[in-house]
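*Asks:* Can you keep this structure in mind? I'll have questions shortly.
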Amino acid sequence: MTDKEAVAPAAGDEGPSPAGAAVSEPDAAQSIDKTSGPTGDEPRARTGVVERLTSWRALLFLLPALLLLGVLVVYPIVYTVWRSFYGKEVSNFVGVDNYKDMFTDEATFTAIKNNVIWVVVAPAVVTSLGLIFAVLTERVRWSTAFKVLVFMPLAISFLAVGVIFRFVYDEDPNIGVLNAALVGIHDIFKSPSEYTGARPRDPQDFVNQSGTYTTVDPVSPSQPVPLPLVGLPQTKVPSDAAPAATSVTGSGVRGVVWLDFVPGGGGQPNAVDPNEKGLPGVKVQAVQNGNVVESTTTANDGSFVFASLTSGSYDVRLPSSNFAAPFNGVSWLGPTLVTPSIIASYVWTWAGFAMVLIAAGLASIPREALEAARVDGATEFQVFRRVTMPLLAPVLVVVLVTLVINVLKIFDLVYVIAPGSTQPDANVLALQLYLTSFGGGNNQGLGSAIAVFLFALVVPAMIFNIRRFRREQQ
Amino acid sequence: MRRITRTVPVLLALALAAAACGGDDDSGGGSTTQAQNLKGQKIEVAAVWTGAEQQNFQQVLNGFSQKTGATVTYTPTGDNVSTYLGSKLEGGAPPDVAMLPQQGVLVQFADQGSLKKVNSDVQAAVDANFAPIWKNLASVDGTLYGVYYKVANKSTVWYRPQAFQDAGISDTPKTWDDFVQDAKTLSDSGVTPVSVGGADGWTLTDWFENVYLSQAGPDKYDQLSKHEIPWTDPSVTTALQTLGQLWGDQKLMAGGASGSLQTDFPTSVTNVFGKSPKAAMVYEGDFVSGVITDSTQSKLGTDALMFPFPAAGAQPAVVGGGDVAVIMKDSPASQAFLQYLASPEAAAIWAKLGGYSSANKNLDLSNYPDPIAKAIGEAVVKAGDNVRFDMSDLAPAAFGGTVGKGEWKDLQDFLKNPSNVSGTAAQLEKDAKAAFQ
């Protein structure tokens, strides 16, 4: 971990900062500056001094920087690479076995897959959002206030961001604000069923089609059908419910739907006991050959009668609309949605960063170019596409590449937000590195191998950044 | 898990301390400590306890001073006992007596030769007051090194009596079959019976251990702990099937399996005892009482009661833990102190103050300040030799103590798909093999 962290921030810091700023930065940044040659923006006087110095004197001045670099950057990298060829114990040389393990291990494979998703999605979304915010706020009066607002999440520690979003995404609508909103909106359009959770006493007597219960045995008009339900709290029984009908008179298919549970226990299953209440307003359907021939709702004592169905045999059906479970929101941190959810929290955090950099880029675009285009009759959109975007491209690339490096190392948000049960589904390389090295297995050999792999992934982005930076200086 | 078991008893102690203020009668007889005159002798005792627990333990120490005339000083070790004691040993100034919170630490120091043997008086006191298992757990290679003074009970199911009443369940379940039956009755009455904190893998390992210990017996439990029998053993698959009776029925768990996997341990407790309860029962160790008093409005003893984990096999069993007192500097006073800790009178002092359970079988249960503390302590004594320590704590961390790995993950997968008994057993075996290398 040390290796990439020690190097990457240096490259990241340099990207956005204007040329020359790096000179004042200590060791790491300075050394990269050195390699970029004397043609940079360094003060001329200093270049002159260097020329006059003998080589050993130059070395003397470089020594502190080299020493620090060596101890803090080079040594950890070399040691990590060396360590990755050893097993759990340092004494146990295993060759490239760790690398083989890494690519055959399912957990690491998930981590790689998720990292790919992260790298493809997160920087692109953050940059586009930042671009949209920057362009839209450019000419708004309160743009500074808006920018401060969007930028603010970046001032929060990522651990805190993780904790916040752990709550935002909580599955319980009483805790998770996102699910609370979803449930609220859902219930406006579709109110929850009255008898949520109720179910027949003997499930084997019914065919259950996703919550719609149909009797297995055909029902004839000669005998009332008992339809005992359980699983409904007494508190959910409507106040107008009357004691369940013990006998339903009349002709036609008839029966009674009641809550077959005496408060406080006792009572006969499948029989109407004195203290048991009928369930009013339950929708009941009579079915023949799979077609609903008639439907009705129960009376206050739970009884129902299909007066017209006096002969033949029917099935009685209780449609699922009676019992549908309440909508409880979305499982944001379940196995399927956990990675997109965490990416969304990342976007929330970093959009401000992209916006501020892109806004700075926008401000430096020469007004004349835009005015010229407008005078030539270009529409606002054409101005944006053909003039603003090309002039802004370098800044966009800086933001994108910085974010790519940043996203490759993502750790804290995943570690904090994903619950234990879906952490394996949300796994990313840096987390896998940590878990392998310190989180139980204590296999620092394999952990080092993952670190080397992660480093190899970050290097191209860094080289790209350094090259571009050098080109800009020339 | 250790973090929780260590911090929560503090809360428990705080909660129960108030109740303890009432009865303060003397414990009376049963003393095995001979009245030695140790005036002028000084011993230092080190333990993890701070705050209310430290105050309560101080009372125990005062009892010893009054009895023998010896001066006892207490030193808190901080959270990491083995590191603290290691550095003290390195410096040549260990405390006379230390309370070790894990059996692993006892074995570690005994193997180093840092612990002193107890004398015959202490041996006799341990033999007289404890089931043989506690002697075994405090022994390394047949030599007794310590006294288990304070124990934890992880075989407790906490429930809402109102829900049981509404469903007409008059008696708490004693066996697993009754437990499942009662769960179904509760479900019929319209209350979800159980809240499972499946987002934390360790709660699931505790479920498994309780079922397994009672069903397969302590011998098998020991073998499986050391991975001497494979996880594909029929006893394991039977235990998984038993668990599946509950975990396989979606309507018996708050939120079903997927909801359980999103529920962490504290939430599983508030699901039962919080403002709008979602379930009637929650299983975890005695530290649940701390969560109840700390984060819910429910009152222990009236809104929240506890029954011992139902026996899945022939005998009740207790999964637990404990703090063992060991001697690091040999002296008559240290030996006398251990002998004192093994006595019922020492146990009675803290028992009255609350937040404490003892394995001392001669401790009068009336010393516990409330019915819950009494039931927890009683279950430990009743289980006798069927007490075992948490299996997953004894296993290598990669298997028994890592988020998203080993036993934690395998049991979470099992909760997701409880019909996959053989596949789960095979996966457990595969992971155990890798971790126990």
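Ligands are numbered from 1 in the order shown, chains are lettered A, B, ... in the order of the structure tokens, and residues start at 1 in each chain.
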Write out as a ChimeraX atom specification every residue belonging to chain A that has an atom at most 8 Å from any atom of chain B, counting only C-alpha atoms.
*Replies:* /A:171,197-198,201,230-234,261,263-266,333-334,419-424,439-442
*Asks:* Can you spit out the residues from that selection as a JSON list (two decimals), in the first residue's frame, using C-alpha atoms?
*Replies:*
```
[["chain", "number", "residue", "atom", "x", "y", "z"],
["A", 171, "GLU", "CA", -32.91, -1.15, 4.22],
["A", 197, "GLY", "CA", -48.77, -10.92, 6.14],
["A", 198, "ALA", "CA", -51.96, -12.95, 6.64],
["A", 201, "ARG", "CA", -53.72, -21.73, 8.37],
["A", 230, "VAL", "CA", -53.30, -16.73, 10.51],
["A", 231, "GLY", "CA", -50.24, -14.50, 10.72],
["A", 232, "LEU", "CA", -52.14, -11.27, 11.25],
["A", 233, "PRO", "CA", -51.47, -9.31, 14.44],
["A", 234, "GLN", "CA", -54.64, -8.70, 16.46],
["A", 261, "PHE", "CA", -56.10, -17.25, 16.25],
["A", 263, "PRO", "CA", -55.81, -13.58, 21.34],
["A", 264, "GLY", "CA", -53.65, -15.05, 24.06],
["A", 265, "GLY", "CA", -53.64, -18.49, 22.48],
["A", 266, "GLY", "CA", -55.89, -21.50, 22.83],
["A", 333, "LEU", "CA", -26.68, -2.84, -0.03],
["A", 334, "GLY", "CA", -27.79, -6.29, -1.21],
["A", 419, "PRO", "CA", -22.34, -4.75, 5.37],
["A", 420, "GLY", "CA", -20.40, -7.86, 6.33],
["A", 421, "SER", "CA", -22.69, -10.12, 4.36],
["A", 422, "THR", "CA", -22.21, -8.32, 1.05],
["A", 423, "GLN", "CA", -18.65, -7.17, 1.54],
["A", 424, "PRO", "CA", -17.41, -10.03, -0.68],
["A", 439, "GLY", "CA", -7.81, -8.94, 8.06],
["A", 440, "GLY", "CA", -7.52, -12.47, 9.36],
["A", 441, "GLY", "CA", -5.51, -14.49, 6.86],
["A", 442, "ASN", "CA", -2.40, -12.46, 7.64]]
```
*Asks:* Residues near B:Tyr356, anyone? I mean within 9 Å using only C-alpha atoms, not counting same-chain ones fewer than 2 positions away, as a PyMOL selection string.
*Replies:* chain B and resi 9+12-13+150-152+347+350-354+358+368+373+377
*Asks:* Could you save those same residues with C-alpha atoms as an mmCIF file, in the first residue's frame?
*Replies:*
```
data_model
loop_
_atom_site.group_PDB
_atom_site.id
_atom_site.type_symbol
_atom_site.label_atom_id
_atom_site.label_comp_id
_atom_site.auth_asym_id
_atom_site.auth_seq_id
_atom_site.Cartn_x
_atom_site.Cartn_y
_atom_site.Cartn_z
ATOM 1 C CA PRO B 9 -20.634 -6.128 30.263
ATOM 2 C CA LEU B 12 -24.685 -4.482 31.894
ATOM 3 C CA ALA B 13 -22.927 -3.822 35.161
ATOM 4 C CA LYS B 150 -15.936 -14.652 36.027
ATOM 5 C CA VAL B 151 -17.702 -16.305 33.120
ATOM 6 C CA ALA B 152 -19.742 -15.198 30.143
ATOM 7 C CA ALA B 347 -18.229 -14.986 43.829
ATOM 8 C CA TRP B 350 -19.631 -9.495 42.728
ATOM 9 C CA ALA B 351 -22.780 -11.519 42.037
ATOM 10 C CA LYS B 352 -24.713 -9.189 44.327
ATOM 11 C CA LEU B 353 -23.369 -6.157 42.501
ATOM 12 C CA GLY B 354 -24.642 -7.414 39.139
ATOM 13 C CA SER B 358 -19.949 -17.380 38.122
ATOM 14 C CA TYR B 368 -27.823 -12.672 41.965
ATOM 15 C CA ALA B 373 -28.711 -12.626 36.133
ATOM 16 C CA GLY B 377 -25.573 -17.931 36.142
#
```
*Asks:* Can you tell me which residues surround A:Ala344 at a distance of at most 12 Å, considering only C-alpha atoms, apart from same-chain residues fewer than 4 positions away, and format the answer as a list in words?
*Replies:*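 Final neighbour list, sorted by chain and number: Trp118, Val121, Ala122, Pro123, Val125, Val126, Leu129, Val161, Gly162, Phe165, Val168, Tyr169, Trp332, Leu333, Leu337, Val338, Thr339, Pro340, Trp348, Thr349, Trp350, Ala351, Leu413, Val414 and Ile417 of chain A.
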*Asks:* Quick one: write out the picked residues with N, CA and C atoms as a PDB file, in the first residue's frame?
*Replies:*
```pdb
ATOM      1  N   TRP A 118     -15.672   0.118 -11.353  1.00  0.00           N
ATOM      2  CA  TRP A 118     -15.365   1.414 -10.728  1.00  0.00           C
ATOM      3  C   TRP A 118     -14.643   2.331 -11.700  1.00  0.00           C
ATOM      4  N   VAL A 121     -16.899   3.419 -14.657  1.00  0.00           N
ATOM      5  CA  VAL A 121     -18.086   4.228 -14.368  1.00  0.00           C
ATOM      6  C   VAL A 121     -17.764   5.505 -13.585  1.00  0.00           C
ATOM      7  N   ALA A 122     -17.085   5.333 -12.439  1.00  0.00           N
ATOM      8  CA  ALA A 122     -16.977   6.452 -11.501  1.00  0.00           C
ATOM      9  C   ALA A 122     -16.316   7.710 -12.085  1.00  0.00           C
ATOM     10  N   PRO A 123     -15.103   7.628 -12.669  1.00  0.00           N
ATOM     11  CA  PRO A 123     -14.473   8.856 -13.176  1.00  0.00           C
ATOM     12  C   PRO A 123     -15.315   9.515 -14.271  1.00  0.00           C
ATOM     13  N   VAL A 125     -18.598   9.393 -14.735  1.00  0.00           N
ATOM     14  CA  VAL A 125     -19.794  10.044 -14.183  1.00  0.00           C
ATOM     15  C   VAL A 125     -19.405  11.314 -13.429  1.00  0.00           C
ATOM     16  N   VAL A 126     -18.348  11.218 -12.614  1.00  0.00           N
ATOM     17  CA  VAL A 126     -17.930  12.380 -11.833  1.00  0.00           C
ATOM     18  C   VAL A 126     -17.534  13.525 -12.765  1.00  0.00           C
ATOM     19  N   LEU A 129     -20.624  14.989 -14.545  1.00  0.00           N
ATOM     20  CA  LEU A 129     -21.412  15.791 -13.611  1.00  0.00           C
ATOM     21  C   LEU A 129     -20.708  17.107 -13.309  1.00  0.00           C
ATOM     22  N   VAL A 161     -18.114   9.932   5.368  1.00  0.00           N
ATOM     23  CA  VAL A 161     -18.995   9.774   4.208  1.00  0.00           C
ATOM     24  C   VAL A 161     -19.557   8.352   4.193  1.00  0.00           C
ATOM     25  N   GLY A 162     -18.668   7.396   4.460  1.00  0.00           N
ATOM     26  CA  GLY A 162     -19.096   6.006   4.485  1.00  0.00           C
ATOM     27  C   GLY A 162     -20.174   5.779   5.525  1.00  0.00           C
ATOM     28  N   PHE A 165     -23.508   7.316   4.417  1.00  0.00           N
ATOM     29  CA  PHE A 165     -24.217   6.568   3.376  1.00  0.00           C
ATOM     30  C   PHE A 165     -24.649   5.190   3.844  1.00  0.00           C
ATOM     31  N   VAL A 168     -27.914   6.194   4.919  1.00  0.00           N
ATOM     32  CA  VAL A 168     -28.779   6.579   3.796  1.00  0.00           C
ATOM     33  C   VAL A 168     -29.329   5.335   3.106  1.00  0.00           C
ATOM     34  N   TYR A 169     -28.481   4.329   2.961  1.00  0.00           N
ATOM     35  CA  TYR A 169     -28.860   3.133   2.207  1.00  0.00           C
ATOM     36  C   TYR A 169     -29.521   2.070   3.067  1.00  0.00           C
ATOM     37  N   TRP A 332     -30.560  -1.684  -1.093  1.00  0.00           N
ATOM     38  CA  TRP A 332     -29.446  -0.972  -1.736  1.00  0.00           C
ATOM     39  C   TRP A 332     -28.123  -1.662  -1.514  1.00  0.00           C
ATOM     40  N   LEU A 333     -27.977  -2.244  -0.343  1.00  0.00           N
ATOM     41  CA  LEU A 333     -26.682  -2.844  -0.031  1.00  0.00           C
ATOM     42  C   LEU A 333     -26.737  -4.363  -0.161  1.00  0.00           C
ATOM     43  N   LEU A 337     -26.881  -4.595  -5.805  1.00  0.00           N
ATOM     44  CA  LEU A 337     -26.828  -3.131  -5.901  1.00  0.00           C
ATOM     45  C   LEU A 337     -25.701  -2.510  -5.087  1.00  0.00           C
ATOM     46  N   VAL A 338     -24.960  -3.326  -4.355  1.00  0.00           N
ATOM     47  CA  VAL A 338     -24.027  -2.728  -3.397  1.00  0.00           C
ATOM     48  C   VAL A 338     -22.950  -1.896  -4.094  1.00  0.00           C
ATOM     49  N   THR A 339     -22.388  -2.412  -5.190  1.00  0.00           N
ATOM     50  CA  THR A 339     -21.328  -1.652  -5.868  1.00  0.00           C
ATOM     51  C   THR A 339     -21.867  -0.353  -6.481  1.00  0.00           C
ATOM     52  N   PRO A 340     -22.972  -0.394  -7.264  1.00  0.00           N
ATOM     53  CA  PRO A 340     -23.510   0.874  -7.768  1.00  0.00           C
ATOM     54  C   PRO A 340     -23.830   1.870  -6.644  1.00  0.00           C
ATOM     55  N   TRP A 348     -21.066  11.499  -5.207  1.00  0.00           N
ATOM     56  CA  TRP A 348     -21.514  12.584  -4.328  1.00  0.00           C
ATOM     57  C   TRP A 348     -20.324  13.326  -3.740  1.00  0.00           C
ATOM     58  N   THR A 349     -19.313  12.549  -3.326  1.00  0.00           N
ATOM     59  CA  THR A 349     -18.158  13.143  -2.677  1.00  0.00           C
ATOM     60  C   THR A 349     -17.293  13.940  -3.654  1.00  0.00           C
ATOM     61  N   TRP A 350     -17.078  13.376  -4.846  1.00  0.00           N
ATOM     62  CA  TRP A 350     -16.046  13.910  -5.733  1.00  0.00           C
ATOM     63  C   TRP A 350     -16.571  14.853  -6.810  1.00  0.00           C
ATOM     64  N   ALA A 351     -17.877  14.936  -6.990  1.00  0.00           N
ATOM     65  CA  ALA A 351     -18.403  15.788  -8.067  1.00  0.00           C
ATOM     66  C   ALA A 351     -17.909  17.224  -7.899  1.00  0.00           C
ATOM     67  N   LEU A 413     -14.552   3.779   1.383  1.00  0.00           N
ATOM     68  CA  LEU A 413     -16.010   3.754   1.204  1.00  0.00           C
ATOM     69  C   LEU A 413     -16.531   2.322   1.173  1.00  0.00           C
ATOM     70  N   VAL A 414     -15.829   1.463   0.444  1.00  0.00           N
ATOM     71  CA  VAL A 414     -16.272   0.070   0.331  1.00  0.00           C
ATOM     72  C   VAL A 414     -16.211  -0.613   1.695  1.00  0.00           C
ATOM     73  N   ILE A 417     -19.118   1.109   3.973  1.00  0.00           N
ATOM     74  CA  ILE A 417     -20.533   1.043   3.584  1.00  0.00           C
ATOM     75  C   ILE A 417     -21.043  -0.397   3.469  1.00  0.00           C
TER      76      ILE A 417
END
```
*Asks:* Calculate how many Å separate atom CA of B:Arg388 from atom CA of B:Pro308, rounding to one decimal.
*Replies:* 14.8 Å
*Asks:* In Å, how far is it from atom CA of B:Met253 to atom CA of B:Lys278?
*Replies:*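 So the answer is 9.4 Å.
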*Asks:* Using only C-alpha atoms, determine which residues lie at most 10 Å from A:Leu429, disregarding the query and same-chain residues fewer than 4 positions distant; provide the list as a PyMOL selection string.
*Replies:* chain A and resi 107-115+408-411+433-435+447+450-451+453-454
*Asks:* Based on the backbone DSSP call, show me all residues of stretch 80-141 of chain A assigned helix (DSSP H, G or I), as number ranges by chain.
*Replies:* A: 80-83, 97-104, 106-137
*Asks:* Kindly give the distance, in Å, that separates atom CA of A:Phe146 and atom CA of A:Ala378, rounded to a single decimal.
*Replies:* 28.8 Å
*Asks:* Which neighbours of B:Lys433 fall inside 10 Å, counting only C-alpha atoms, when residues of the same chain fewer than 4 positions from it are skipped, and could you give them as a list in words?
*Replies:*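 In the requested format, the answer is His227, Pro230, Trp231, Phe399, Gln427, Leu428, Glu429 and Gln437 of chain B.
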